[in-house]
file structure-v8.cif (mmCIF, C-alpha atoms)
data_model
#
loop_
_atom_site.group_PDB
_atom_site.id
_atom_site.type_symbol
_atom_site.label_atom_id
_atom_site.label_comp_id
_atom_site.auth_asym_id
_atom_site.auth_seq_id
_atom_site.Cartn_x
_atom_site.Cartn_y
_atom_site.Cartn_z
ATOM 1 C CA MET A 1 0.000 0.000 0.000
ATOM 2 C CA LYS A 2 2.883 2.320 0.809
ATOM 3 C CA SER A 3 4.379 1.836 -2.677
ATOM 4 C CA VAL A 4 1.010 2.647 -4.302
ATOM 5 C CA LYS A 5 0.868 5.933 -2.331
ATOM 6 C CA VAL A 6 4.421 6.774 -3.421
ATOM 7 C CA VAL A 7 3.559 6.103 -7.068
ATOM 8 C CA ILE A 8 0.382 8.208 -6.826
ATOM 9 C CA ALA A 9 2.259 11.021 -5.084
ATOM 10 C CA THR A 10 5.028 10.909 -7.733
ATOM 11 C CA LEU A 11 2.487 11.022 -10.570
ATOM 12 C CA ALA A 12 0.614 13.896 -8.907
ATOM 13 C CA LEU A 13 3.854 15.849 -8.450
ATOM 14 C CA GLY A 14 4.756 15.198 -12.084
ATOM 15 C CA LEU A 15 1.350 16.448 -13.254
ATOM 16 C CA ILE A 16 1.603 19.558 -11.084
ATOM 17 C CA THR A 17 5.113 20.252 -12.411
ATOM 18 C CA PHE A 18 4.005 19.643 -16.002
ATOM 19 C CA ALA A 19 0.930 21.836 -15.555
ATOM 20 C CA GLY A 20 3.164 24.649 -14.257
ATOM 21 C CA VAL A 21 5.248 24.743 -17.450
ATOM 22 C CA ALA A 22 3.858 27.248 -19.895
ATOM 23 C CA ALA A 23 3.509 26.166 -23.500
ATOM 24 C CA PRO A 24 5.445 28.307 -25.966
ATOM 25 C CA LYS A 25 3.522 31.200 -27.513
ATOM 26 C CA VAL A 26 3.531 31.375 -31.310
ATOM 27 C CA VAL A 27 3.731 34.785 -32.999
ATOM 28 C CA ASN A 28 3.545 35.380 -36.733
ATOM 29 C CA VAL A 29 6.390 36.961 -38.656
ATOM 30 C CA ASN A 30 5.462 40.401 -40.003
ATOM 31 C CA LYS A 31 6.216 39.890 -43.710
ATOM 32 C CA THR A 32 6.462 43.582 -44.571
ATOM 33 C CA ALA A 33 8.626 44.592 -41.589
ATOM 34 C CA SER A 34 10.942 41.583 -42.021
ATOM 35 C CA SER A 35 13.581 41.384 -44.734
ATOM 36 C CA ILE A 36 16.263 39.283 -46.359
ATOM 37 C CA ALA A 37 19.182 40.927 -48.164
ATOM 38 C CA TRP A 38 21.627 38.849 -50.201
ATOM 39 C CA LEU A 39 25.178 39.359 -51.454
ATOM 40 C CA ALA A 40 26.898 37.102 -53.987
ATOM 41 C CA LYS A 41 30.448 37.586 -55.236
ATOM 42 C CA LYS A 42 32.414 36.537 -58.276
ATOM 43 C CA VAL A 43 36.037 36.991 -59.253
ATOM 44 C CA THR A 44 35.253 40.200 -61.149
ATOM 45 C CA GLY A 45 32.648 41.782 -58.849
ATOM 46 C CA GLU A 46 29.516 41.204 -56.854
ATOM 47 C CA HIS A 47 25.741 41.549 -56.895
ATOM 48 C CA ASN A 48 23.305 42.320 -54.087
ATOM 49 C CA GLY A 49 19.596 42.414 -53.637
ATOM 50 C CA THR A 50 16.589 41.313 -51.634
ATOM 51 C CA VAL A 51 14.112 38.460 -51.477
ATOM 52 C CA GLY A 52 10.779 38.399 -49.684
ATOM 53 C CA ILE A 53 9.388 36.333 -46.847
ATOM 54 C CA SER A 54 5.987 34.817 -47.638
ATOM 55 C CA ALA A 55 5.191 33.280 -44.224
ATOM 56 C CA GLY A 56 6.679 32.593 -40.846
ATOM 57 C CA ALA A 57 6.052 31.991 -37.169
ATOM 58 C CA LEU A 58 8.265 32.241 -34.104
ATOM 59 C CA SER A 59 7.818 30.374 -30.823
ATOM 60 C CA ILE A 60 8.652 32.164 -27.593
ATOM 61 C CA ASN A 61 8.658 31.069 -23.989
ATOM 62 C CA GLY A 62 8.767 34.078 -21.692
ATOM 63 C CA ASN A 63 11.500 36.314 -23.085
ATOM 64 C CA LYS A 64 13.286 33.572 -25.036
ATOM 65 C CA LEU A 65 13.014 32.441 -28.630
ATOM 66 C CA VAL A 66 12.568 28.650 -28.600
ATOM 67 C CA GLY A 67 11.631 27.813 -32.195
ATOM 68 C CA GLY A 68 10.155 28.990 -35.427
ATOM 69 C CA ASN A 69 10.252 28.932 -39.195
ATOM 70 C CA PHE A 70 9.958 31.127 -42.238
ATOM 71 C CA THR A 71 9.387 30.668 -45.951
ATOM 72 C CA ILE A 72 11.340 32.600 -48.586
ATOM 73 C CA ASP A 73 9.425 33.528 -51.750
ATOM 74 C CA LEU A 74 12.086 33.099 -54.453
ATOM 75 C CA LYS A 75 9.770 34.642 -57.058
ATOM 76 C CA THR A 76 10.364 38.002 -55.319
ATOM 77 C CA ILE A 77 14.158 37.981 -55.732
ATOM 78 C CA LYS A 78 15.483 41.393 -56.810
ATOM 79 C CA ASP A 79 18.886 42.731 -57.766
ATOM 80 C CA LEU A 80 19.665 46.222 -56.451
ATOM 81 C CA ASP A 81 23.040 46.983 -58.041
ATOM 82 C CA ILE A 82 22.282 46.603 -61.773
ATOM 83 C CA THR A 83 20.748 49.882 -62.929
ATOM 84 C CA ASP A 84 20.150 48.964 -66.590
ATOM 85 C CA ALA A 85 16.585 47.584 -66.647
ATOM 86 C CA GLY A 86 17.221 45.143 -69.497
ATOM 87 C CA TYR A 87 20.413 43.727 -67.976
ATOM 88 C CA ASN A 88 18.756 43.534 -64.540
ATOM 89 C CA GLN A 89 15.865 41.529 -65.997
ATOM 90 C CA LYS A 90 18.319 39.217 -67.813
ATOM 91 C CA PHE A 91 20.321 38.696 -64.607
ATOM 92 C CA ILE A 92 17.205 37.887 -62.559
ATOM 93 C CA GLY A 93 16.065 35.524 -65.319
ATOM 94 C CA HIS A 94 19.383 33.705 -65.061
ATOM 95 C CA ILE A 95 19.540 33.342 -61.265
ATOM 96 C CA THR A 96 15.938 32.131 -61.163
ATOM 97 C CA SER A 97 16.615 29.559 -63.937
ATOM 98 C CA GLY A 98 17.815 25.981 -63.595
ATOM 99 C CA ASP A 99 21.430 27.220 -63.423
ATOM 100 C CA PHE A 100 20.685 28.653 -59.971
ATOM 101 C CA PHE A 101 17.424 28.554 -57.972
ATOM 102 C CA GLU A 102 15.119 26.932 -60.559
ATOM 103 C CA ILE A 103 12.068 28.791 -59.231
ATOM 104 C CA GLU A 104 9.554 27.246 -61.608
ATOM 105 C CA LYS A 105 10.158 23.919 -59.869
ATOM 106 C CA PHE A 106 11.182 25.296 -56.438
ATOM 107 C CA PRO A 107 9.375 28.633 -55.883
ATOM 108 C CA THR A 108 10.202 28.763 -52.175
ATOM 109 C CA ALA A 109 13.006 28.006 -49.763
ATOM 110 C CA SER A 110 12.485 27.522 -46.035
ATOM 111 C CA PHE A 111 14.200 27.574 -42.672
ATOM 112 C CA VAL A 112 13.017 25.686 -39.579
ATOM 113 C CA ILE A 113 14.675 26.301 -36.219
ATOM 114 C CA THR A 114 15.656 23.058 -34.479
ATOM 115 C CA LYS A 115 17.632 24.511 -31.563
ATOM 116 C CA VAL A 116 18.275 27.848 -29.866
ATOM 117 C CA ALA A 117 21.228 27.964 -27.467
ATOM 118 C CA GLY A 118 21.853 31.500 -26.253
ATOM 119 C CA ASN A 119 22.479 33.505 -29.399
ATOM 120 C CA GLN A 120 23.266 30.428 -31.543
ATOM 121 C CA ILE A 121 20.498 29.230 -33.829
ATOM 122 C CA THR A 122 20.535 25.831 -35.514
ATOM 123 C CA GLY A 123 17.992 24.851 -38.087
ATOM 124 C CA ASN A 124 17.208 23.141 -41.348
ATOM 125 C CA LEU A 125 17.547 25.235 -44.496
ATOM 126 C CA THR A 126 15.788 23.814 -47.550
ATOM 127 C CA VAL A 127 16.685 25.123 -51.011
ATOM 128 C CA LYS A 128 15.787 23.316 -54.265
ATOM 129 C CA GLY A 129 14.336 20.443 -52.245
ATOM 130 C CA ILE A 130 17.647 19.826 -50.437
ATOM 131 C CA THR A 131 17.753 20.259 -46.654
ATOM 132 C CA LYS A 132 20.941 21.018 -44.715
ATOM 133 C CA SER A 133 21.450 21.845 -41.051
ATOM 134 C CA ILE A 134 23.120 25.205 -40.447
ATOM 135 C CA THR A 135 24.162 27.067 -37.289
ATOM 136 C CA PHE A 136 24.775 30.791 -36.957
ATOM 137 C CA PRO A 137 24.843 33.551 -34.326
ATOM 138 C CA ALA A 138 21.900 35.935 -34.111
ATOM 139 C CA GLU A 139 20.858 39.061 -32.243
ATOM 140 C CA ILE A 140 17.555 38.119 -30.606
ATOM 141 C CA ALA A 141 15.251 40.290 -28.511
ATOM 142 C CA VAL A 142 11.886 39.300 -27.040
ATOM 143 C CA LYS A 143 9.956 42.083 -25.308
ATOM 144 C CA GLY A 144 6.268 42.211 -24.535
ATOM 145 C CA GLY A 145 5.565 39.168 -26.677
ATOM 146 C CA LYS A 146 7.245 40.718 -29.730
ATOM 147 C CA VAL A 147 10.353 39.269 -31.338
ATOM 148 C CA THR A 148 13.133 40.881 -33.321
ATOM 149 C CA ALA A 149 15.970 38.772 -34.649
ATOM 150 C CA LYS A 150 18.826 39.557 -37.003
ATOM 151 C CA ALA A 151 21.495 37.254 -38.383
ATOM 152 C CA ASN A 152 24.244 37.317 -40.981
ATOM 153 C CA ILE A 153 24.386 33.865 -42.542
ATOM 154 C CA THR A 154 26.887 32.468 -45.033
ATOM 155 C CA ILE A 155 25.586 29.684 -47.272
ATOM 156 C CA ASP A 156 27.559 27.421 -49.618
ATOM 157 C CA ARG A 157 25.305 27.276 -52.669
ATOM 158 C CA THR A 158 26.886 24.029 -53.883
ATOM 159 C CA ASP A 159 25.370 22.261 -50.846
ATOM 160 C CA PHE A 160 22.034 22.867 -52.586
ATOM 161 C CA ASN A 161 23.069 21.707 -56.063
ATOM 162 C CA ILE A 162 23.695 25.225 -57.373
ATOM 163 C CA LYS A 163 26.882 24.545 -59.323
ATOM 164 C CA TYR A 164 26.892 27.132 -62.114
ATOM 165 C CA GLY A 165 30.238 28.955 -62.302
ATOM 166 C CA SER A 166 31.715 27.086 -59.314
ATOM 167 C CA LYS A 167 35.433 26.262 -59.349
ATOM 168 C CA LYS A 168 34.578 23.067 -57.442
ATOM 169 C CA PHE A 169 32.947 21.756 -60.598
ATOM 170 C CA PHE A 170 34.519 23.848 -63.383
ATOM 171 C CA GLU A 171 38.217 24.137 -62.501
ATOM 172 C CA SER A 172 39.284 25.912 -65.691
ATOM 173 C CA ILE A 173 36.641 28.635 -65.459
ATOM 174 C CA GLY A 174 39.225 31.286 -64.522
ATOM 175 C CA ASP A 175 37.932 34.814 -63.932
ATOM 176 C CA LYS A 176 34.380 33.774 -64.809
ATOM 177 C CA ALA A 177 34.123 31.933 -61.474
ATOM 178 C CA ILE A 178 31.359 32.730 -59.044
ATOM 179 C CA PHE A 179 32.214 32.166 -55.389
ATOM 180 C CA ASP A 180 30.362 29.277 -53.758
ATOM 181 C CA ASP A 181 29.488 31.198 -50.591
ATOM 182 C CA PHE A 182 26.795 33.849 -50.589
ATOM 183 C CA ALA A 183 25.658 35.966 -47.659
ATOM 184 C CA LEU A 184 22.176 36.551 -46.285
ATOM 185 C CA THR A 185 21.210 39.219 -43.785
ATOM 186 C CA VAL A 186 17.947 38.065 -42.272
ATOM 187 C CA SER A 187 15.893 40.468 -40.148
ATOM 188 C CA LEU A 188 12.709 39.069 -38.621
ATOM 189 C CA VAL A 189 10.085 41.083 -36.777
ATOM 190 C CA SER A 190 6.975 39.519 -35.286
ATOM 191 C CA GLU A 191 3.492 41.006 -35.521
#

call {"tool": "encode", "arguments": {"input": "structure-v8.cif", "output": "structure tokens"}}
result
Amino acid sequence: MKSVKVVIATLALGLITFAGVAAPKVVNVNKTASSIAWLAKKVTGEHNGTVGISAGALSINGNKLVGGNFTIDLKTIKDLDITDAGYNQKFIGHITSGDFFEIEKFPTASFVITKVAGNQITGNLTVKGITKSITFPAEIAVKGGKVTAKANITIDRTDFNIKYGSKKFFESIGDKAIFDDFALTVSLVSE
């Protein structure tokens, strides 16, 4: 009888403890206040631009970010450094083609947070149907149920089968090479 009371008391304590833990609160990402800027370099120069966020949600527990995700709308990719309208359109046509992001087949990319440890975020980035785990530092603030987060992330495009102009695959390409790494500056703001 004593062991039954101990088991019941242990279960009751476990339920009380579990009931006292607040479930994370989910807040939507404000698509217009959030942004993604990109920078890609080649031997002879560089290009920069933006791409939009089509959806996202962040999970918070108290004043801590504990999870979340966002979807990148690759059909919104823009180049900001090419001023000639015709050349800009040609460039965007090329980076959205099968040589790069292949947006007709893969119109979105996504990121899902799998771990937050202090200011280090780990998650799964999916581009062109390929998912890779990445980790990066971020500036995160949670105040009054609102989240702001900013991170500079370096991505190796060849991890996602984007090989065009890469010296890894075209060794004799010379000064036509495009560097494998590109940079993203992601700024997320919740609603």

call {"tool": "atom_distance", "arguments": {"input": "structure-v8.cif", "atom1": "CA of Gly68 (chain A)", "atom2": "CA of Phe111 (chain A)"}}
result
8.4 Å

call {"tool": "atom_distance", "arguments": {"input": "structure-v8.cif", "atom1": "CA of Pro107 (chain A)", "atom2": "CA of Ala33 (chain A)"}}
result
21.4 Å

call {"tool": "atom_distance", "arguments": {"input": "structure-v8.cif", "atom1": "CA of Pro24 (chain A)", "atom2": "CA of Gly67 (chain A)"}}
result
8.8 Å

call {"tool": "closest_residue", "arguments": {"input": "structure-v8.cif", "among": "A:Thr32, A:Thr131, A:Thr126, A:Ser59", "to": "Ser187 (chain A)", "atoms": "all atoms listed in the file"}}
result
A:Thr32

call {"tool": "resolve_selection", "arguments": {"input": "structure-v8.cif", "expression": "the PyMOL selection byres ((chain A and resi 36-50) around 7)", "output": "compact mmCIF listing (two decimals) with C-alpha atoms, keeping the file's coordinate frame"}}
result
# COMPACT_ATOMS: atom_id res chain seq x y z
CA SER A 35 13.58 41.38 -44.73
CA VAL A 51 14.11 38.46 -51.48
CA GLY A 52 10.78 38.40 -49.68
CA ILE A 77 14.16 37.98 -55.73
CA LYS A 78 15.48 41.39 -56.81
CA ASP A 79 18.89 42.73 -57.77
CA LEU A 80 19.66 46.22 -56.45
CA ASP A 81 23.04 46.98 -58.04
CA ASP A 175 37.93 34.81 -63.93
CA LYS A 176 34.38 33.77 -64.81
CA ALA A 177 34.12 31.93 -61.47
CA ILE A 178 31.36 32.73 -59.04
CA PHE A 179 32.21 32.17 -55.39
CA PHE A 182 26.80 33.85 -50.59
CA ALA A 183 25.66 35.97 -47.66
CA LEU A 184 22.18 36.55 -46.28
CA THR A 185 21.21 39.22 -43.78
CA VAL A 186 17.95 38.06 -42.27
CA SER A 187 15.89 40.47 -40.15

call {"tool": "residues_near_point", "arguments": {"input": "structure-v8.cif", "point": "(5.3, 34.9, -33.9)", "cutoff": "10 Å", "atoms": "all atoms listed in the file", "output": "list in words"}}
result
Lys25, Val26, Val27, Asn28, Val29, Asn30, Gly56, Ala57, Leu58, Ser59, Ile60, Leu65, Gly67, Gly68, Asn69, Gly145, Lys146, Val147, Thr148, Leu188, Val189, Ser190 and Glu191 of chain A

call {"tool": "resolve_selection", "arguments": {"input": "structure-v8.cif", "expression": "the PyMOL selection byres ((chain A and resi 166) around 7)", "output": "mmCIF file with C-alpha atoms, in the frame of the given file"}}
result
data_model
loop_
_atom_site.group_PDB
_atom_site.id
_atom_site.type_symbol
_atom_site.label_atom_id
_atom_site.label_comp_id
_atom_site.auth_asym_id
_atom_site.auth_seq_id
_atom_site.Cartn_x
_atom_site.Cartn_y
_atom_site.Cartn_z
ATOM 1 C CA LYS A 163 26.882 24.545 -59.323
ATOM 2 C CA TYR A 164 26.892 27.132 -62.114
ATOM 3 C CA GLY A 165 30.238 28.955 -62.302
ATOM 4 C CA LYS A 167 35.433 26.262 -59.349
ATOM 5 C CA LYS A 168 34.578 23.067 -57.442
ATOM 6 C CA PHE A 169 32.947 21.756 -60.598
ATOM 7 C CA PHE A 170 34.519 23.848 -63.383
ATOM 8 C CA ALA A 177 34.123 31.933 -61.474
ATOM 9 C CA ILE A 178 31.359 32.730 -59.044
ATOM 10 C CA PHE A 179 32.214 32.166 -55.389
ATOM 11 C CA ASP A 180 30.362 29.277 -53.758
#

call {"tool": "resolve_selection", "arguments": {"input": "structure-v8.cif", "expression": "the PyMOL selection byres ((chain A and resi 162) around 10)", "output": "mmCIF file with C-alpha atoms, keeping the file's coordinate frame"}}
result
data_model
loop_
_atom_site.group_PDB
_atom_site.id
_atom_site.type_symbol
_atom_site.label_atom_id
_atom_site.label_comp_id
_atom_site.auth_asym_id
_atom_site.auth_seq_id
_atom_site.Cartn_x
_atom_site.Cartn_y
_atom_site.Cartn_z
ATOM 1 C CA ILE A 95 19.540 33.342 -61.265
ATOM 2 C CA GLY A 98 17.815 25.981 -63.595
ATOM 3 C CA ASP A 99 21.430 27.220 -63.423
ATOM 4 C CA PHE A 100 20.685 28.653 -59.971
ATOM 5 C CA PHE A 101 17.424 28.554 -57.972
ATOM 6 C CA GLU A 102 15.119 26.932 -60.559
ATOM 7 C CA VAL A 127 16.685 25.123 -51.011
ATOM 8 C CA LYS A 128 15.787 23.316 -54.265
ATOM 9 C CA ASP A 156 27.559 27.421 -49.618
ATOM 10 C CA ARG A 157 25.305 27.276 -52.669
ATOM 11 C CA THR A 158 26.886 24.029 -53.883
ATOM 12 C CA ASP A 159 25.370 22.261 -50.846
ATOM 13 C CA PHE A 160 22.034 22.867 -52.586
ATOM 14 C CA ASN A 161 23.069 21.707 -56.063
ATOM 15 C CA LYS A 163 26.882 24.545 -59.323
ATOM 16 C CA TYR A 164 26.892 27.132 -62.114
ATOM 17 C CA GLY A 165 30.238 28.955 -62.302
ATOM 18 C CA SER A 166 31.715 27.086 -59.314
ATOM 19 C CA ASP A 180 30.362 29.277 -53.758
#

call {"tool": "residues_near_point", "arguments": {"input": "structure-v8.cif", "point": "(12.4, 33.7, -60.5)", "cutoff": "7 Å", "atoms": "only C-alpha atoms", "output": "mmCIF file with C-alpha atoms, in the coordinates of the input"}}
result
data_model
loop_
_atom_site.group_PDB
_atom_site.id
_atom_site.type_symbol
_atom_site.label_atom_id
_atom_site.label_comp_id
_atom_site.auth_asym_id
_atom_site.auth_seq_id
_atom_site.Cartn_x
_atom_site.Cartn_y
_atom_site.Cartn_z
ATOM 1 C CA LEU A 74 12.086 33.099 -54.453
ATOM 2 C CA LYS A 75 9.770 34.642 -57.058
ATOM 3 C CA ILE A 77 14.158 37.981 -55.732
ATOM 4 C CA ILE A 92 17.205 37.887 -62.559
ATOM 5 C CA GLY A 93 16.065 35.524 -65.319
ATOM 6 C CA THR A 96 15.938 32.131 -61.163
ATOM 7 C CA SER A 97 16.615 29.559 -63.937
ATOM 8 C CA ILE A 103 12.068 28.791 -59.231
#

call {"tool": "closest_residue", "arguments": {"input": "structure-v8.cif", "among": "A:Ile130, A:Val142, A:Ala23, A:Val112", "to": "Lys64 (chain A)", "atoms": "all atoms listed in the file"}}
result
A:Val142

call {"tool": "axis_aligned_box", "arguments": {"input": "structure-v8.cif", "around": "region 24-27 of chain A", "padding_each_side": "8 Å", "output": "AutoDock Vina command-line options"}}
result
--center_x 4.5 --center_y 31.5 --center_z -29.5 --size_x 17.9 --size_y 22.5 --size_z 23.0

call {"tool": "closest_residue", "arguments": {"input": "structure-v8.cif", "among": "A:Gly118, A:Gly129, A:Gly123, A:Gly86", "to": "Ala141 (chain A)", "atoms": "only C-alpha atoms"}}
result
A:Gly118

call {"tool": "closest_residue", "arguments": {"input": "structure-v8.cif", "among": "A:Asn88, A:Asn119, A:Ser54, A:Thr76", "to": "Ala149 (chain A)", "atoms": "all atoms listed in the file"}}
result
A:Asn119

call {"tool": "closest_residue", "arguments": {"input": "structure-v8.cif", "among": "A:Asn61, A:Ile53, A:Ser34, A:Phe91", "to": "Gly144 (chain A)", "atoms": "only C-alpha atoms"}}
result
A:Asn61

call {"tool": "residues_around", "arguments": {"input": "structure-v8.cif", "residues": "Phe136 (chain A)", "least_positions_apart": "3", "cutoff": "12 Å", "atoms": "only C-alpha atoms", "output": "list in words"}}
result
Ile113, Lys115, Val116, Ala117, Gly118, Asn119, Gln120, Ile121, Thr122, Gly123, Asn124, Leu125, Ser133, Glu139, Lys150, Ala151, Asn152, Ile153, Thr154, Ile155, Ala183, Leu184, Thr185 and Val186 of chain A

call {"tool": "build_atoms", "arguments": {"input": "structure-v8.cif", "residues": "region 49-58 of chain A", "atoms": "all heavy atoms", "output": "PDB file, in the coordinates of the input"}}
result
ATOM      1  N   GLY A  49      21.014  42.184 -53.452  1.00  0.00           N
ATOM      2  CA  GLY A  49      19.596  42.414 -53.637  1.00  0.00           C
ATOM      3  C   GLY A  49      18.798  41.968 -52.440  1.00  0.00           C
ATOM      4  O   GLY A  49      19.325  41.831 -51.333  1.00  0.00           O
ATOM      5  N   THR A  50      17.522  41.722 -52.687  1.00  0.00           N
ATOM      6  CA  THR A  50      16.589  41.313 -51.634  1.00  0.00           C
ATOM      7  C   THR A  50      15.733  40.153 -52.126  1.00  0.00           C
ATOM      8  O   THR A  50      15.650  39.897 -53.330  1.00  0.00           O
ATOM      9  CB  THR A  50      15.656  42.467 -51.221  1.00  0.00           C
ATOM     10  OG1 THR A  50      14.874  42.855 -52.359  1.00  0.00           O
ATOM     11  CG2 THR A  50      16.434  43.652 -50.683  1.00  0.00           C
ATOM     12  N   VAL A  51      15.102  39.489 -51.182  1.00  0.00           N
ATOM     13  CA  VAL A  51      14.112  38.460 -51.477  1.00  0.00           C
ATOM     14  C   VAL A  51      13.091  38.499 -50.342  1.00  0.00           C
ATOM     15  O   VAL A  51      13.450  38.775 -49.191  1.00  0.00           O
ATOM     16  CB  VAL A  51      14.771  37.065 -51.655  1.00  0.00           C
ATOM     17  CG1 VAL A  51      15.448  36.596 -50.390  1.00  0.00           C
ATOM     18  CG2 VAL A  51      13.792  36.037 -52.181  1.00  0.00           C
ATOM     19  N   GLY A  52      11.843  38.248 -50.667  1.00  0.00           N
ATOM     20  CA  GLY A  52      10.779  38.399 -49.684  1.00  0.00           C
ATOM     21  C   GLY A  52      10.502  37.158 -48.852  1.00  0.00           C
ATOM     22  O   GLY A  52      10.852  36.039 -49.216  1.00  0.00           O
ATOM     23  N   ILE A  53       9.855  37.394 -47.734  1.00  0.00           N
ATOM     24  CA  ILE A  53       9.388  36.333 -46.847  1.00  0.00           C
ATOM     25  C   ILE A  53       7.883  36.212 -47.056  1.00  0.00           C
ATOM     26  O   ILE A  53       7.152  37.196 -46.950  1.00  0.00           O
ATOM     27  CB  ILE A  53       9.710  36.671 -45.373  1.00  0.00           C
ATOM     28  CG1 ILE A  53      11.230  36.740 -45.181  1.00  0.00           C
ATOM     29  CG2 ILE A  53       9.065  35.665 -44.430  1.00  0.00           C
ATOM     30  CD1 ILE A  53      11.661  37.286 -43.841  1.00  0.00           C
ATOM     31  N   SER A  54       7.415  34.990 -47.364  1.00  0.00           N
ATOM     32  CA  SER A  54       5.987  34.817 -47.638  1.00  0.00           C
ATOM     33  C   SER A  54       5.200  34.340 -46.419  1.00  0.00           C
ATOM     34  O   SER A  54       3.984  34.496 -46.380  1.00  0.00           O
ATOM     35  CB  SER A  54       5.780  33.848 -48.796  1.00  0.00           C
ATOM     36  OG  SER A  54       6.319  32.584 -48.509  1.00  0.00           O
ATOM     37  N   ALA A  55       5.879  33.759 -45.434  1.00  0.00           N
ATOM     38  CA  ALA A  55       5.191  33.280 -44.224  1.00  0.00           C
ATOM     39  C   ALA A  55       6.241  32.997 -43.158  1.00  0.00           C
ATOM     40  O   ALA A  55       7.416  32.823 -43.459  1.00  0.00           O
ATOM     41  CB  ALA A  55       4.393  32.017 -44.525  1.00  0.00           C
ATOM     42  N   GLY A  56       5.768  32.949 -41.925  1.00  0.00           N
ATOM     43  CA  GLY A  56       6.679  32.593 -40.846  1.00  0.00           C
ATOM     44  C   GLY A  56       6.011  32.698 -39.500  1.00  0.00           C
ATOM     45  O   GLY A  56       5.025  33.424 -39.326  1.00  0.00           O
ATOM     46  N   ALA A  57       6.551  31.956 -38.544  1.00  0.00           N
ATOM     47  CA  ALA A  57       6.052  31.991 -37.169  1.00  0.00           C
ATOM     48  C   ALA A  57       7.222  31.730 -36.242  1.00  0.00           C
ATOM     49  O   ALA A  57       8.133  30.964 -36.571  1.00  0.00           O
ATOM     50  CB  ALA A  57       4.966  30.940 -36.967  1.00  0.00           C
ATOM     51  N   LEU A  58       7.205  32.401 -35.100  1.00  0.00           N
ATOM     52  CA  LEU A  58       8.265  32.241 -34.104  1.00  0.00           C
ATOM     53  C   LEU A  58       7.642  31.803 -32.794  1.00  0.00           C
ATOM     54  O   LEU A  58       6.576  32.293 -32.402  1.00  0.00           O
ATOM     55  CB  LEU A  58       9.022  33.560 -33.925  1.00  0.00           C
ATOM     56  CG  LEU A  58       9.691  34.108 -35.196  1.00  0.00           C
ATOM     57  CD1 LEU A  58      10.182  35.520 -34.969  1.00  0.00           C
ATOM     58  CD2 LEU A  58      10.820  33.196 -35.628  1.00  0.00           C
TER      59      LEU A  58
END
